[in-house]
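model34.cif follows (mmCIF, C-alpha atoms and all ligand atoms):
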data_data
#
loop_
_atom_site.label_atom_id
_atom_site.label_comp_id
_atom_site.auth_asym_id
_atom_site.auth_seq_id
_atom_site.Cartn_x
_atom_site.Cartn_y
_atom_site.Cartn_z
CA MET A 1083 185.07 73.21 188.73
CA LYS A 1084 184.96 69.43 188.73
CA ALA A 1085 188.27 67.72 187.95
CA SER A 1086 186.91 66.07 184.80
CA ASN A 1087 185.64 69.47 183.60
CA GLN A 1088 189.20 70.80 183.76
CA VAL A 1089 190.37 67.96 181.56
CA VAL A 1090 187.46 68.51 179.14
CA GLU A 1091 188.23 72.22 178.90
CA LYS A 1092 191.89 71.51 178.15
CA LEU A 1093 190.96 68.83 175.62
CA ASN A 1094 188.71 71.30 173.80
CA LYS A 1095 191.69 73.67 173.48
CA VAL A 1096 193.81 70.84 172.10
CA LEU A 1097 190.98 69.92 169.72
CA SER A 1098 190.92 73.53 168.49
CA ASP A 1099 194.67 73.44 167.89
CA LEU A 1100 194.41 70.12 166.08
CA GLN A 1101 191.70 71.46 163.77
CA VAL A 1102 193.84 74.48 162.87
CA VAL A 1103 196.88 72.21 162.38
CA TYR A 1104 194.75 69.96 160.15
CA GLN A 1105 193.85 72.91 157.93
CA ASN A 1106 197.46 74.15 157.98
CA GLN A 1107 198.62 70.77 156.67
CA ARG A 1108 195.96 70.90 153.95
CA THR A 1109 197.24 74.38 153.07
CA LEU A 1110 200.82 73.07 152.87
CA HIS A 1111 199.66 70.15 150.71
CA TRP A 1112 197.85 72.50 148.33
CA LEU A 1113 200.21 75.45 148.10
CA VAL A 1114 203.73 74.03 148.40
CA LYS A 1115 205.91 74.53 145.31
CA GLY A 1116 209.45 73.74 144.27
CA GLY A 1117 211.79 70.90 143.40
CA ASP A 1118 210.66 68.71 146.27
CA PHE A 1119 207.00 69.11 145.37
CA TYR A 1120 206.10 65.42 145.10
CA MET A 1121 207.77 64.43 148.34
CA LEU A 1122 206.31 67.38 150.26
CA HIS A 1123 202.83 67.18 148.72
CA ASN A 1124 202.63 63.49 149.71
CA LEU A 1125 204.14 64.06 153.15
CA TYR A 1126 201.57 66.75 153.98
CA GLU A 1127 198.79 64.44 152.85
CA LYS A 1128 200.08 61.77 155.25
CA TYR A 1129 200.20 64.36 158.02
CA TYR A 1130 196.67 65.70 157.56
CA THR A 1131 195.30 62.18 157.31
CA GLU A 1132 196.90 61.34 160.67
CA THR A 1133 195.77 64.64 162.17
CA ALA A 1134 192.16 63.96 161.13
CA GLU A 1135 192.35 60.70 163.07
CA GLU A 1136 193.75 62.52 166.13
CA VAL A 1137 190.99 65.14 165.92
CA ASP A 1138 188.46 62.33 166.10
CA GLU A 1139 190.15 60.60 169.02
CA VAL A 1140 190.35 63.77 171.09
CA ALA A 1141 186.72 64.74 170.32
CA GLU A 1142 185.50 61.28 171.28
CA ARG A 1143 187.57 61.34 174.47
CA ILE A 1144 185.75 64.57 175.40
CA LEU A 1145 182.43 62.77 174.86
CA MET A 1146 183.57 59.83 177.02
CA LEU A 1147 184.27 62.31 179.82
CA GLY A 1148 180.75 63.69 179.53
CA GLY A 1149 181.71 66.87 177.68
CA VAL A 1150 180.72 68.33 174.33
CA PRO A 1151 183.53 68.76 171.79
CA TYR A 1152 183.77 72.12 170.08
CA HIS A 1153 182.37 71.62 166.61
CA GLN A 1154 182.20 75.06 165.03
CA PHE A 1155 184.97 76.81 163.12
CA SER A 1156 184.36 79.92 165.20
CA GLU A 1157 185.06 77.93 168.40
CA TYR A 1158 188.28 76.53 166.96
CA ILE A 1159 189.57 79.92 165.90
CA GLU A 1160 188.65 81.45 169.23
CA ASN A 1161 190.33 78.74 171.31
CA ALA A 1162 193.36 77.69 169.26
CA GLN A 1163 196.85 78.87 170.11
CA VAL A 1164 198.17 77.71 166.74
CA LYS A 1165 197.92 80.34 164.01
CA PRO A 1166 196.50 79.58 160.57
CA VAL A 1167 199.14 79.43 157.82
CA VAL A 1168 198.74 82.35 155.41
CA GLU A 1169 201.73 81.96 153.10
CA VAL A 1170 203.67 78.80 152.33
CA PRO A 1171 207.43 79.16 151.82
CA LYS A 1172 208.99 77.33 148.88
CA GLY A 1173 210.13 73.70 149.08
CA LYS A 1174 211.66 72.32 152.26
CA GLU A 1175 211.39 75.71 153.99
CA SER A 1176 207.69 74.91 154.35
CA LEU A 1177 208.63 72.05 156.71
CA LYS A 1178 209.48 74.66 159.35
CA LEU A 1179 205.80 75.53 159.57
CA ALA A 1180 204.97 71.87 160.22
CA VAL A 1181 207.70 71.74 162.90
CA ASN A 1182 206.25 74.81 164.65
CA ASP A 1183 202.77 73.30 164.69
CA TYR A 1184 203.95 69.94 166.01
CA GLU A 1185 206.03 71.62 168.70
CA ALA A 1186 203.01 73.62 169.84
CA LEU A 1187 200.89 70.46 169.91
CA LEU A 1188 203.56 68.54 171.81
CA ALA A 1189 203.72 71.22 174.52
CA SER A 1190 199.92 71.06 174.91
CA TYR A 1191 199.92 67.26 174.95
CA ARG A 1192 202.39 67.32 177.85
CA GLU A 1193 200.09 69.70 179.75
CA VAL A 1194 197.17 67.32 179.17
CA LEU A 1195 199.24 64.42 180.46
CA GLU A 1196 200.04 66.34 183.64
CA LEU A 1197 196.42 67.36 184.20
CA ALA A 1198 195.14 63.85 183.45
CA GLY A 1199 197.69 62.45 185.93
CA GLU A 1200 196.50 64.83 188.67
CA ASN A 1201 192.93 63.67 187.99
CA ASN A 1202 193.73 59.93 187.83
CA ASP A 1203 192.32 59.92 184.30
CA GLU A 1204 194.08 56.85 182.89
CA GLY A 1205 192.20 56.82 179.58
CA THR A 1206 193.23 60.36 178.69
CA ASN A 1207 196.71 59.56 179.92
CA ALA A 1208 197.05 56.55 177.61
CA LEU A 1209 195.73 58.46 174.58
CA PHE A 1210 198.11 61.35 175.12
CA SER A 1211 201.12 59.13 175.81
CA ASP A 1212 200.57 57.73 172.31
CA LEU A 1213 200.09 61.19 170.80
CA ILE A 1214 203.29 62.40 172.45
CA SER A 1215 205.44 59.55 171.13
CA SER A 1216 204.07 59.76 167.58
CA THR A 1217 204.56 63.54 167.55
CA GLU A 1218 208.11 63.19 168.88
CA LYS A 1219 208.84 60.76 166.05
CA LYS A 1220 207.51 63.16 163.41
CA LEU A 1221 209.55 66.00 164.89
CA TRP A 1222 212.70 63.89 164.86
CA MET A 1223 212.14 63.01 161.18
CA LEU A 1224 211.31 66.60 160.22
CA LYS A 1225 214.36 67.97 162.00
CA SER A 1226 216.59 65.34 160.38
CA THR A 1227 215.26 66.40 156.98
CA LEU A 1228 215.96 70.05 157.76
CA ALA A 1229 219.45 69.41 159.25
FE FE B 1301 195.32 66.04 147.49
#

Please rewrite the model in this file as structure tokens.
Amino acid sequence: MKASNQVVEKLNKVLSDLQVVYQNQRTLHWLVKGGDFYMLHNLYEKYYTETAEEVDEVAERILMLGGVPYHQFSEYIENAQVKPVVEVPKGKESLKLAVNDYEALLASYREVLELAGENNDEGTNALFSDLISSTEKKLWMLKSTLA
């Protein structure tokens, strides 16, 4: 397998995870209930808006590398590690689901960074350095809220 193909394959897995995370954040936005409803409803909207942007950046990176981004729901479900949210716990408890998703993404982003480094793929490296720092920031804020 060509080096760039390895990166493309990994990016398609990350894209699949991001698409599931996007829908999970929509689910949280729609179904959360409780005293903190307004804060949480708005927070999840901010998250899914950012995630939609990240989906686009990763898909377009795949295209720049000569690959084809997965574009069917069936491909996302088949390739994602992240599980779709079925039930949303009440209030701030729901934040734990967002933490789990961001932690899973962060672990995958670090793997991409390593693979991109091995392949001297600076563009992918730069994109994922940014994704890692913004995800770390969200995790810090989420964990501070839950502390
Ligand atoms: Fe809405």

Using only C-alpha atoms and all ligand atoms, what does the table of chain A residues within 8 Å of ligand FE 1301 (chain B) look like, with each row giving the shortest atom pair and its distance in Å to one decimal, sorted by chain and ascending number, as JSON lines?
{"residue": "A:His1111", "atom": "CA", "partner": "B:FE1301", "partner_atom": "FE", "distance": 6.8}
{"residue": "A:Trp1112", "atom": "CA", "partner": "B:FE1301", "partner_atom": "FE", "distance": 7.0}
{"residue": "A:His1123", "atom": "CA", "partner": "B:FE1301", "partner_atom": "FE", "distance": 7.7}
{"residue": "A:Glu1127", "atom": "CA", "partner": "B:FE1301", "partner_atom": "FE", "distance": 6.6}

**OP:** Could you check which of A:Leu1093, A:Leu1179, A:Leu1147, A:Leu1221 is closest to Leu1197 of chain A, using all atoms listed in the file?
**Re:**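 With all atoms listed in the file as the atom set, the closest residue is A:Leu1093.
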
Original post:
At what distance in Å, to one decimal, does atom CA of Ser1086 of chain A lie from atom CA of Ala1186 of chain A?
Top reply: 23.2 Å

Subject >> Computed interatomic separation between atom CA of Gln1154 of chain A and atom CA of Gln1107 of chain A (Å) >> reply: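 So the two atoms, atom CA of Gln1154 of chain A and atom CA of Gln1107 of chain A, lie 18.9 Å apart.
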
Original post:
Mind pulling up the distance from atom CA of Gln1105 of chain A to atom CA of Ser1190 of chain A?
Top reply: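 Spanning atom CA of Ser1190 of chain A to atom CA of Gln1105 of chain A is a straight-line distance of 18.1 Å.
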
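Residues in contact with Ala1162 of chain A at up to 7 Å, not including ones fewer than 4 positions away on its chain and judged by only C-alpha atoms, are Lys1095, Ser1098, Asp1099 and Tyr1158 of chain A.
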
Subject >> A:Ile1144, A:Leu1195, A:Ala1180, A:Ala1134 ranked by distance to Glu1091 of chain A, top pick (using only C-alpha atoms) >> reply: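 Smallest distance to Glu1091 of chain A is found for A:Ile1144.
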
**OP:** For each of A:Tyr1104, A:Gln1088, A:Asp1118, A:Ala1208, take the minimum atom-to-atom distance to Gly1149 of chain A, counting all atoms listed in the file, then give the residue where this is smallest.
**Re:** A:Gln1088

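Of the listed residues (A:Glu1204, A:Ser1216, A:Val1194, A:Lys1174), A:Lys1174 comes nearest to Lys1115 of chain A; the distances count only C-alpha atoms.
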
Identify the residues around (190.4, 61.4, 172.2) within a radius of 10 Å, measuring from all atoms listed in the file in the coordinates stated by the file, and give them as a PDB file with C-alpha atoms, in the coordinates of the input.
ATOM      1  CA  LEU A1093     190.960  68.830 175.620  1.00  0.00           C
ATOM      2  CA  LEU A1097     190.980  69.920 169.720  1.00  0.00           C
ATOM      3  CA  GLU A1135     192.350  60.700 163.070  1.00  0.00           C
ATOM      4  CA  GLU A1136     193.750  62.520 166.130  1.00  0.00           C
ATOM      5  CA  VAL A1137     190.990  65.140 165.920  1.00  0.00           C
ATOM      6  CA  ASP A1138     188.460  62.330 166.100  1.00  0.00           C
ATOM      7  CA  GLU A1139     190.150  60.600 169.020  1.00  0.00           C
ATOM      8  CA  VAL A1140     190.350  63.770 171.090  1.00  0.00           C
ATOM      9  CA  ALA A1141     186.720  64.740 170.320  1.00  0.00           C
ATOM     10  CA  GLU A1142     185.500  61.280 171.280  1.00  0.00           C
ATOM     11  CA  ARG A1143     187.570  61.340 174.470  1.00  0.00           C
ATOM     12  CA  ILE A1144     185.750  64.570 175.400  1.00  0.00           C
ATOM     13  CA  LEU A1145     182.430  62.770 174.860  1.00  0.00           C
ATOM     14  CA  MET A1146     183.570  59.830 177.020  1.00  0.00           C
ATOM     15  CA  LEU A1147     184.270  62.310 179.820  1.00  0.00           C
ATOM     16  CA  GLY A1205     192.200  56.820 179.580  1.00  0.00           C
ATOM     17  CA  THR A1206     193.230  60.360 178.690  1.00  0.00           C
ATOM     18  CA  ALA A1208     197.050  56.550 177.610  1.00  0.00           C
ATOM     19  CA  LEU A1209     195.730  58.460 174.580  1.00  0.00           C
ATOM     20  CA  PHE A1210     198.110  61.350 175.120  1.00  0.00           C
ATOM     21  CA  LEU A1213     200.090  61.190 170.800  1.00  0.00           C
TER      22      LEU A1213
END
